[in-house]
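Colleague: Handing over upload-v7.csv, CSV, C-alpha atoms.
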chain,number,residue,atom,x,y,z
A,1,ALA,CA,20.7,16.0,19.0
A,2,LYS,CA,18.5,13.5,17.2
A,3,HIS,CA,17.5,14.3,13.7
A,4,PRO,CA,14.0,13.4,12.5
A,5,HIS,CA,13.8,10.3,10.3
A,6,ILE,CA,13.2,11.1,6.6
A,7,HIS,CA,11.1,8.5,4.9
A,8,MET,CA,11.5,8.1,1.1
A,9,PRO,CA,10.6,5.3,-1.3
A,10,HIS,CA,13.6,3.1,-2.2
A,11,TYR,CA,13.6,4.2,-5.8
A,12,MET,CA,13.8,7.9,-4.7
A,13,VAL,CA,16.7,7.0,-2.5
A,14,LEU,CA,18.6,5.3,-5.4
A,15,ILE,CA,18.0,8.3,-7.7
A,16,LEU,CA,19.2,10.7,-5.0
A,17,LEU,CA,22.3,8.7,-4.5
A,18,LEU,CA,23.0,8.7,-8.2
A,19,LEU,CA,22.6,12.5,-8.3
A,20,LEU,CA,25.1,12.9,-5.4
A,21,CYS,CA,27.5,10.5,-6.9
A,22,GLY,CA,27.9,12.6,-10.1
A,23,ALA,CA,27.0,9.8,-12.5
A,24,VAL,CA,27.8,10.9,-16.1
A,25,PRO,CA,25.0,10.4,-18.6
A,26,GLY,CA,25.6,7.9,-21.4
A,27,LEU,CA,25.4,8.5,-25.1
A,28,SER,CA,22.9,5.8,-26.0
A,29,ASP,CA,19.4,6.8,-27.2
A,30,LEU,CA,16.8,4.3,-26.1
A,31,TYR,CA,14.0,6.4,-27.5
A,32,GLY,CA,15.7,6.6,-30.8
A,33,ASP,CA,16.1,2.8,-30.9
A,34,LEU,CA,12.3,2.6,-30.9
A,35,GLY,CA,12.0,5.5,-33.4
A,36,LEU,CA,10.6,7.8,-30.8
A,37,LYS,CA,11.3,11.3,-29.4
A,38,GLU,CA,12.0,11.8,-25.7
A,39,GLU,CA,8.5,13.1,-25.0
A,40,ALA,CA,6.8,9.9,-26.1
A,41,THR,CA,3.9,8.7,-24.0
A,42,ASP,CA,3.6,5.3,-22.4
A,43,SER,CA,1.2,4.1,-25.1
A,44,GLU,CA,3.4,5.4,-27.9
A,45,ILE,CA,6.3,3.5,-26.4
A,46,LYS,CA,4.3,0.3,-26.2
A,47,LYS,CA,2.9,0.7,-29.7
A,48,ALA,CA,6.3,1.3,-31.2
A,49,TYR,CA,7.8,-1.7,-29.5
A,50,ARG,CA,5.0,-4.0,-30.7
A,51,LYS,CA,5.4,-2.8,-34.2
A,52,LEU,CA,9.2,-3.2,-34.3
A,53,SER,CA,9.2,-6.5,-32.5
A,54,ARG,CA,7.0,-8.0,-35.2
A,55,GLN,CA,9.3,-6.5,-37.9
A,56,LEU,CA,12.6,-7.5,-36.4
A,57,HIS,CA,11.9,-10.8,-34.7
A,58,PRO,CA,14.7,-13.2,-35.9
A,59,ASP,CA,12.1,-15.9,-36.6
A,60,HIS,CA,10.4,-13.7,-39.2
A,61,ASN,CA,13.2,-11.5,-40.4
A,62,PRO,CA,16.1,-13.1,-42.3
A,63,SER,CA,18.3,-10.0,-42.3
A,64,PRO,CA,21.7,-10.5,-40.7
A,65,ASP,CA,21.2,-7.4,-38.5
A,66,ALA,CA,17.8,-8.4,-37.3
A,67,LYS,CA,19.0,-10.2,-34.2
A,68,GLU,CA,21.1,-7.3,-33.1
A,69,GLU,CA,18.4,-4.8,-33.8
A,70,TYR,CA,15.8,-7.0,-32.0
A,71,ALA,CA,18.1,-7.1,-28.9
A,72,LYS,CA,18.3,-3.2,-29.0
A,73,ILE,CA,14.6,-2.7,-29.0
A,74,GLN,CA,14.2,-5.4,-26.2
A,75,LYS,CA,16.7,-3.5,-24.1
A,76,ALA,CA,15.0,-0.1,-24.9
A,77,TYR,CA,11.6,-1.3,-24.0
A,78,GLY,CA,12.8,-3.0,-20.9
A,79,VAL,CA,13.9,0.4,-19.6
A,80,LEU,CA,11.3,2.7,-21.0
A,81,SER,CA,8.3,0.5,-19.9
A,82,ASP,CA,9.6,0.5,-16.3
A,83,ARG,CA,8.7,3.7,-14.5
A,84,LYS,CA,11.6,3.7,-12.1
A,85,LYS,CA,14.3,2.8,-14.7
A,86,LYS,CA,12.8,5.3,-17.2
A,87,LYS,CA,13.0,8.1,-14.7
A,88,VAL,CA,16.7,7.3,-13.9
A,89,TYR,CA,17.5,7.1,-17.6
A,90,ASP,CA,15.7,10.4,-18.5
A,91,MET,CA,17.5,12.3,-15.7
A,92,MET,CA,20.9,10.7,-15.5
A,93,GLY,CA,21.5,8.6,-18.6
A,94,GLU,CA,22.6,5.0,-19.1
A,95,GLU,CA,25.6,5.0,-16.8
A,96,ALA,CA,23.4,5.9,-13.9
A,97,LEU,CA,21.0,3.2,-15.0
A,98,LYS,CA,23.8,0.6,-14.9
A,99,ASP,CA,24.6,1.7,-11.4
A,100,LEU,CA,21.0,1.3,-10.4
A,101,GLU,CA,20.7,-2.2,-12.0
A,102,SER,CA,24.0,-3.4,-10.5
A,103,GLY,CA,22.8,-2.5,-7.0
A,104,LYS,CA,25.5,0.0,-6.3
A,105,GLY,CA,22.9,2.4,-4.9
A,106,GLN,CA,21.3,-0.2,-2.7
A,107,ARG,CA,24.6,-0.8,-0.9
A,108,GLN,CA,24.5,2.8,0.3
A,109,GLN,CA,21.1,2.6,1.9
A,110,GLN,CA,22.6,1.9,5.3
A,111,HIS,CA,23.9,5.5,5.3
A,112,MET,CA,20.5,7.1,5.1
A,113,GLY,CA,21.1,8.5,8.6
A,114,PHE,CA,23.8,10.6,7.0
A,115,PHE,CA,21.3,12.2,4.7
A,116,GLY,CA,19.4,13.5,7.7
A,117,ASN,CA,22.5,15.5,8.7
A,118,LEU,CA,23.4,16.4,5.1
A,119,PHE,CA,20.0,18.1,4.6
A,120,GLY,CA,19.7,19.4,8.1
A,121,GLY,CA,16.7,17.3,8.9
A,122,GLY,CA,14.7,19.5,6.6
A,123,GLY,CA,12.5,16.6,5.3
A,124,GLN,CA,11.0,16.3,1.8
A,125,ASP,CA,11.4,20.0,0.8
A,126,ASP,CA,15.2,19.7,0.9
A,127,THR,CA,15.4,16.7,-1.3
A,128,ARG,CA,12.6,17.2,-3.8
A,129,GLY,CA,11.3,20.0,-6.0
A,130,GLU,CA,7.8,21.5,-5.7
A,131,ASP,CA,4.8,19.5,-6.7
A,132,LYS,CA,2.7,20.9,-9.7
A,133,HIS,CA,-1.0,21.1,-8.9
A,134,LEU,CA,-3.2,21.3,-12.0
A,135,SER,CA,-7.0,21.3,-12.5
A,136,LEU,CA,-8.5,18.8,-15.0
A,137,LYS,CA,-12.0,19.5,-16.2
A,138,VAL,CA,-13.7,16.5,-17.8
A,139,SER,CA,-17.2,15.7,-19.1
A,140,LEU,CA,-19.8,13.7,-17.2
A,141,ALA,CA,-19.7,11.3,-20.1
A,142,ASP,CA,-16.0,10.7,-19.5
A,143,ILE,CA,-16.6,10.0,-15.8
A,144,TYR,CA,-19.6,7.7,-16.6
A,145,ASN,CA,-17.9,5.7,-19.3
A,146,GLY,CA,-14.2,6.1,-18.4
A,147,ASN,CA,-11.7,7.7,-20.8
A,148,GLU,CA,-8.1,8.6,-21.4
A,149,HIS,CA,-6.8,12.1,-21.9
A,150,THR,CA,-3.3,12.9,-23.2
A,151,LEU,CA,-2.2,16.2,-21.7
A,152,ASN,CA,0.8,18.4,-22.6
A,153,ILE,CA,2.5,20.1,-19.7
A,154,LYS,CA,5.6,22.4,-19.8
A,155,LYS,CA,8.4,21.6,-17.4
A,156,ASN,CA,12.1,21.9,-16.9
A,157,LYS,CA,13.8,18.7,-18.0
A,158,LEU,CA,17.3,17.4,-17.3
A,159,ARG,CA,18.9,16.5,-20.5
A,160,SER,CA,19.9,12.9,-20.6
A,161,LYS,CA,22.4,13.1,-23.4
A,162,GLN,CA,26.1,14.1,-23.0
A,163,VAL,CA,26.8,17.6,-24.1
A,164,VAL,CA,30.3,18.0,-25.4
A,165,LYS,CA,32.3,21.0,-26.3
A,166,ASP,CA,35.3,21.1,-28.7
A,167,CYS,CA,38.3,21.9,-26.5
A,168,ALA,CA,41.9,21.3,-27.1
A,169,THR,CA,42.5,20.6,-23.4
A,170,CYS,CA,39.7,18.3,-22.5
A,171,LYS,CA,39.2,17.0,-26.1
A,172,ALA,CA,35.5,16.9,-25.4
A,173,GLN,CA,35.9,13.9,-23.1
A,174,PRO,CA,33.6,13.3,-20.1
A,175,PRO,CA,35.2,14.8,-16.9
A,176,LYS,CA,37.5,12.6,-14.8
A,177,MET,CA,36.1,11.3,-11.5
A,178,GLN,CA,37.7,11.1,-8.1
A,179,ARG,CA,36.5,9.3,-4.9
A,180,VAL,CA,35.8,11.6,-1.9
A,181,GLN,CA,35.0,10.4,1.6
A,182,LEU,CA,32.2,12.6,3.1
A,183,ALA,CA,31.7,10.6,6.3
A,184,PRO,CA,33.0,7.4,7.9
A,185,GLY,CA,32.0,4.6,5.6
A,186,PHE,CA,30.4,6.9,3.0
A,187,VAL,CA,32.3,7.5,-0.2
A,188,VAL,CA,31.1,9.3,-3.3
A,189,GLN,CA,32.6,10.2,-6.7
A,190,GLN,CA,33.0,13.8,-7.7
A,191,GLN,CA,33.9,15.4,-11.0
A,192,VAL,CA,37.4,16.8,-11.4
A,193,PRO,CA,37.3,20.1,-13.3
A,194,PRO,CA,39.3,20.0,-16.6
A,195,ASP,CA,42.3,22.3,-17.0
A,196,CYS,CA,40.5,24.6,-19.4
A,197,ASP,CA,40.3,28.4,-19.5
A,198,HIS,CA,36.6,28.2,-20.3
A,199,LYS,CA,33.7,26.5,-18.6
A,200,CYS,CA,33.8,23.0,-20.2
A,201,SER,CA,30.4,21.4,-20.6
A,202,ALA,CA,31.7,17.9,-21.4
A,203,GLY,CA,29.4,15.4,-19.7
A,204,SER,CA,27.4,18.2,-17.9
A,205,ARG,CA,23.7,17.8,-17.2
A,206,GLN,CA,21.8,20.6,-18.9
A,207,VAL,CA,18.3,21.7,-18.0
A,208,ILE,CA,15.9,22.3,-20.9
A,209,THR,CA,13.2,24.8,-20.0
A,210,GLY,CA,9.7,24.7,-21.5
A,211,PHE,CA,10.0,21.0,-22.4
A,212,SER,CA,6.7,19.6,-23.6
A,213,GLN,CA,5.9,16.5,-21.6
A,214,LEU,CA,2.9,14.4,-22.6
A,215,LEU,CA,1.1,12.6,-19.8
A,216,GLU,CA,-1.7,10.0,-20.3
A,217,VAL,CA,-4.4,10.6,-17.6
A,218,GLN,CA,-6.8,7.7,-17.1
A,219,ILE,CA,-10.3,8.8,-16.1
A,220,GLU,CA,-11.7,5.9,-14.3
A,221,GLN,CA,-15.4,5.2,-14.3
A,222,GLY,CA,-17.1,7.0,-11.4
A,223,ILE,CA,-14.0,8.8,-10.3
A,224,PRO,CA,-15.0,11.1,-7.4
A,225,GLU,CA,-15.3,14.9,-7.8
A,226,GLY,CA,-12.0,16.5,-6.7
A,227,HIS,CA,-10.1,13.2,-6.9
A,228,GLU,CA,-6.4,13.6,-7.4
A,229,ILE,CA,-4.4,11.7,-10.0
A,230,LYS,CA,-0.7,11.8,-9.2
A,231,PHE,CA,2.3,11.3,-11.5
A,232,ASP,CA,5.3,10.6,-9.4
A,233,MET,CA,8.4,12.7,-10.1
A,234,GLU,CA,7.0,14.3,-13.3
A,235,GLY,CA,7.6,17.9,-12.1
A,236,ASP,CA,10.5,20.2,-12.9
A,237,GLU,CA,13.9,18.4,-13.0
A,238,SER,CA,17.2,19.8,-11.8
A,239,PRO,CA,20.7,18.4,-11.2
A,240,ASP,CA,20.7,18.7,-7.4
A,241,ARG,CA,17.3,17.5,-6.3
A,242,LEU,CA,14.5,15.0,-7.1
A,243,PRO,CA,11.6,16.3,-9.2
A,244,GLY,CA,8.3,16.9,-7.5
A,245,ASP,CA,5.0,15.2,-8.5
A,246,VAL,CA,2.4,16.4,-11.0
A,247,ILE,CA,-1.1,16.2,-9.4
A,248,PHE,CA,-4.3,16.6,-11.4
A,249,LYS,CA,-7.5,17.5,-9.5
A,250,VAL,CA,-10.5,16.2,-11.4
A,251,LYS,CA,-13.5,18.4,-11.8
A,252,SER,CA,-16.7,17.7,-13.8
A,253,ALA,CA,-17.8,20.1,-16.5
A,254,PRO,CA,-21.5,21.2,-16.5
A,255,HIS,CA,-23.9,19.0,-18.5
A,256,PRO,CA,-26.9,20.3,-20.4
A,257,PHE,CA,-29.5,18.5,-18.2
A,258,LEU,CA,-27.7,16.1,-15.8
A,259,THR,CA,-26.2,17.0,-12.4
A,260,ARG,CA,-24.0,14.7,-10.4
A,261,VAL,CA,-24.5,14.3,-6.6
A,262,LYS,CA,-21.9,11.8,-5.5
A,263,ASP,CA,-23.0,8.4,-7.0
A,264,ASN,CA,-26.4,9.8,-8.1
A,265,LEU,CA,-27.6,11.8,-11.0
A,266,GLU,CA,-30.3,14.4,-11.0
A,267,MET,CA,-32.3,15.9,-13.8
A,268,ASP,CA,-35.4,18.1,-14.4
A,269,MET,CA,-38.1,17.0,-16.8
A,270,ARG,CA,-40.9,19.3,-18.1
A,271,ILE,CA,-44.3,17.9,-18.9
A,272,THR,CA,-47.6,19.4,-20.0
A,273,LEU,CA,-50.7,19.8,-17.9
A,274,LEU,CA,-52.4,17.0,-19.9
A,275,GLN,CA,-49.4,14.7,-19.3
A,276,ALA,CA,-49.5,15.5,-15.6
A,277,LEU,CA,-53.2,14.5,-15.5
A,278,VAL,CA,-53.4,11.4,-17.7
A,279,GLY,CA,-49.8,10.1,-17.7
A,280,PHE,CA,-47.1,10.0,-20.3
A,281,LYS,CA,-44.1,8.2,-21.7
A,282,LYS,CA,-40.9,10.2,-22.5
A,283,SER,CA,-37.3,9.4,-23.2
A,284,PHE,CA,-33.8,10.9,-23.1
A,285,VAL,CA,-30.3,9.9,-24.2
A,286,HIS,CA,-28.1,8.8,-21.3
A,287,LEU,CA,-24.3,9.4,-21.0
A,288,ASP,CA,-23.5,6.1,-22.7
A,289,GLY,CA,-25.8,6.7,-25.7
A,290,ARG,CA,-28.7,4.6,-24.5
A,291,GLU,CA,-32.2,5.8,-24.8
A,292,VAL,CA,-33.9,5.7,-21.3
A,293,GLU,CA,-37.7,5.8,-21.0
A,294,VAL,CA,-39.5,7.6,-18.3
A,295,GLU,CA,-43.2,6.6,-17.9
A,296,ARG,CA,-45.9,7.5,-15.5
A,297,LYS,CA,-49.5,6.3,-15.5
A,298,VAL,CA,-50.8,8.3,-12.6
A,299,VAL,CA,-51.4,12.0,-11.9
A,300,THR,CA,-48.1,13.9,-11.4
A,301,GLN,CA,-48.0,16.7,-8.9
A,302,PRO,CA,-45.7,19.7,-9.4
A,303,LEU,CA,-42.1,18.9,-8.2
A,304,THR,CA,-42.9,15.2,-7.9
A,305,LYS,CA,-39.6,13.1,-7.8
A,306,MET,CA,-39.2,9.8,-9.5
A,307,THR,CA,-36.2,7.5,-8.9
A,308,LEU,CA,-34.8,5.4,-11.7
A,309,ARG,CA,-32.7,2.8,-9.8
A,310,GLY,CA,-29.3,1.9,-11.3
A,311,GLU,CA,-29.3,4.8,-13.8
A,312,GLY,CA,-26.9,7.0,-11.8
A,313,MET,CA,-23.1,7.1,-11.9
A,314,PRO,CA,-20.9,4.0,-11.7
A,315,LYS,CA,-19.4,3.6,-8.3
A,316,HIS,CA,-15.6,4.2,-8.3
A,317,ASN,CA,-13.6,1.0,-8.2
A,318,VAL,CA,-16.9,-1.0,-8.5
A,319,PRO,CA,-18.3,0.2,-11.9
A,320,SER,CA,-20.7,-2.7,-12.1
A,321,GLU,CA,-22.7,-1.0,-9.3
A,322,LYS,CA,-24.4,2.3,-10.1
A,323,GLY,CA,-26.2,5.0,-8.2
A,324,ASN,CA,-29.7,6.2,-9.0
A,325,LEU,CA,-31.1,8.8,-11.3
A,326,ILE,CA,-33.6,11.2,-9.6
A,327,VAL,CA,-36.1,13.0,-12.0
A,328,THR,CA,-38.0,16.1,-10.8
A,329,PHE,CA,-41.1,17.0,-12.8
A,330,HIS,CA,-42.1,20.5,-13.7
A,331,ILE,CA,-45.5,21.2,-15.2
A,332,ASP,CA,-46.0,23.7,-18.0
A,333,PHE,CA,-49.4,25.2,-17.4
A,334,PRO,CA,-51.2,26.8,-20.4
A,335,LYS,CA,-50.9,30.6,-20.4
A,336,HIS,CA,-54.7,31.0,-21.2
A,337,ILE,CA,-57.8,29.0,-22.0
A,338,THR,CA,-61.0,29.9,-23.8
A,339,THR,CA,-64.4,30.2,-22.0
A,340,GLU,CA,-65.6,27.1,-23.9
A,341,GLN,CA,-62.5,25.2,-22.7
A,342,ALA,CA,-63.1,26.3,-19.1
A,343,GLU,CA,-66.7,25.1,-19.2
A,344,LYS,CA,-65.6,21.7,-20.5
A,345,ILE,CA,-63.0,21.4,-17.8
A,346,LYS,CA,-65.6,22.2,-15.1
A,347,LEU,CA,-67.7,19.3,-16.4
A,348,LEU,CA,-64.7,16.9,-16.4
A,349,LEU,CA,-63.3,18.0,-13.0
A,350,PRO,CA,-66.1,18.5,-10.5
A,351,ASN,CA,-65.4,20.8,-7.6
Do you think you could lay out the structure here as structure tokens?
Modeller:
Amino acid sequence: AKHPHIHMPHYMVLILLLLLCGAVPGLSDLYGDLGLKEEATDSEIKKAYRKLSRQLHPDHNPSPDAKEEYAKIQKAYGVLSDRKKKKVYDMMGEEALKDLESGKGQRQQQHMGFFGNLFGGGGQDDTRGEDKHLSLKVSLADIYNGNEHTLNIKKNKLRSKQVVKDCATCKAQPPKMQRVQLAPGFVVQQQVPPDCDHKCSAGSRQVITGFSQLLEVQIEQGIPEGHEIKFDMEGDESPDRLPGDVIFKVKSAPHPFLTRVKDNLEMDMRITLLQALVGFKKSFVHLDGREVEVERKVVTQPLTKMTLRGEGMPKHNVPSEKGNLIVTFHIDFPKHITTEQAEKIKLLLPN
């Protein structure tokens, strides 16, 4: 029987292979080399690297250790600024990263047909964790101008450092590996359990629950209502499957007087009876802080609509183009007038 073909991006295939091959996490701390914690954001990583590269550059730092320290931060930034390498390092450590960079995983891609059998043709659900779907409410001003939000999500995280245990038998060494043939032409490495009476955790991959992960969400100008922003493989991590994605669904928060309708904005404006009859000039503060004037020199009927071209929302991916702003006028009539006023109005406004 034929098994359905499972399509996965190459970097997901490589990480899955590394998971199955039992790579042992390394002891290096690339985050520590940059003076950061593991939950550092992309912008924090970039900022720390720029600061340290200026301090440690051999051309500007005469210290004998500067060259070595500079090489360390170069290596750390090379990994942590690359989304694929960073994910492998976070989940599996430096040894798995070396396997990835050496191309060891790529040589196994010819055996992808075997994975269909291994997972029973079950598709994505058998190889990846569940996606996290979250709602992100942002202001109209953020959507109009563009902005960046740093969000803190809780997740299960696979610890990337080796966890060792003092043991007379295993001497807190990483477990030994042996090669096992799972199918013709397909060989993997598996851990050999130590000869201990207890469960040895040397080199094991521990899952940290409730880990705080900071994600930097870019709100692009004119981003559509309900638009989804996806962070690949930032969901819960586990030793036996790839993480799912974190997906934010953008929703706009209510504004005091503006309403969004696709690329257009709508607003109500109240005017007096006198203004409706003789004209007026009014203004309001737009979402970017500009003062926009609304002027009419003719009689304004109740519920008259006026279009201000180019004063709507920026169009997504083409922010130089904007929709329109539609203003609906509401007239505030006086609650009462005197007899004298009524007689004067009759003279001014013949029947």
Colleague: State, in Å with one decimal place, the distance from atom CA of A:Arg54 to atom CA of A:Leu97.
Modeller: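 Here the two named atoms are 27.0 Å from each other.
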Colleague: What is the atom CA of A:Asp99 to atom CA of A:Ser53 distance in Å?
Modeller: 27.4 Å
Colleague: Looking at A:Val79, A:Ile229, A:Leu349, A:Leu265, which one is nearest to A:Val246, with distances taken over all atoms listed in the file?
Modeller: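 Closest residue, counting all atoms listed in the file: A:Ile229.
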Colleague: Show me, as a list in words, the residues that have an atom within 12 Å of A:Glu44 when counting only C-alpha atoms, minus same-chain residues fewer than 6 positions from it.
Modeller: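 The filter keeps Tyr31, Leu34, Gly35, Leu36, Lys37, Glu38, Arg50, Lys51, Tyr77, Leu80, Ser81, Thr150, Leu214, Leu215 and Glu216 of chain A.
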Colleague: What does the distance from atom CA of A:Leu136 to atom CA of A:Val250 come to in Å, to one decimal?
Modeller: 4.9 Å
Colleague: Measuring between only C-alpha atoms, which one of A:His57, A:Lys72, A:His227, A:Lys86 shows the shortest distance to A:Glu39?
Modeller: A:Lys86
Colleague: Taking all atoms listed in the file into account, name the residue in A:Pro62, A:Gly146, A:Gly222, A:Pro256 that is nearest to A:Val318.
Modeller: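 Checking each of A:Pro62, A:Gly146, A:Gly222, A:Pro256 against A:Val318, counting all atoms listed in the file, the winner is A:Gly222.
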Colleague: What residues have an atom no more than 12 Å from (-28.2, 5.2, -9.6) in the file's own frame, counting all atoms listed in the file, and can you write them as an MDAnalysis selection string?
Modeller: chainID A and resid 144 222 260:266 306:315 319:327
Colleague: Given 3 Å on each side, where is the centre and what are the edge lengths in Å to one decimal of the axis-aligned box enclosing the listed atoms of stretch 141-153 of chain A, as JSON?
Modeller:
{"center_x": -8.6, "center_y": 12.9, "center_z": -19.5, "size_x": 28.2, "size_y": 20.4, "size_z": 13.4}
Colleague: For A:Leu242, which residue out of A:Lys98, A:Lys346, A:Lys87, A:Lys154 is the nearest one, using only C-alpha atoms?
Modeller: A:Lys87
Colleague: Applying 7 Å and all atoms listed in the file, which residues near A:Phe284 remain after dropping the ones on its own chain fewer than 5 positions away? List them as a PyMOL selection string.
Modeller: chain A and resi 291-293
Colleague: Please provide the set of residues having any atom within 9 Å of A:Phe257, restricted to all atoms listed in the file, with same-chain residues fewer than 4 positions apart removed, written as an NGL selection string.
Modeller: :A and (266-269)
Colleague: Would you save the residues from that selection as a compact mmCIF listing (two decimals), in the frame of the given file, using C-alpha atoms?
Modeller:
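This went into part_23.txt:
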# COMPACT_ATOMS: atom_id res chain seq x y z
CA GLU A 266 -30.30 14.40 -11.00
CA MET A 267 -32.30 15.90 -13.80
CA ASP A 268 -35.40 18.10 -14.40
CA MET A 269 -38.10 17.00 -16.80
Colleague: Considering all atoms listed in the file, state which residue in the set A:Pro254, A:Pro243, A:Ser212, A:Thr41 is at the smallest distance from A:His149.
Modeller: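 Comparing A:Pro254, A:Pro243, A:Ser212, A:Thr41 against A:His149, the winner is A:Thr41.
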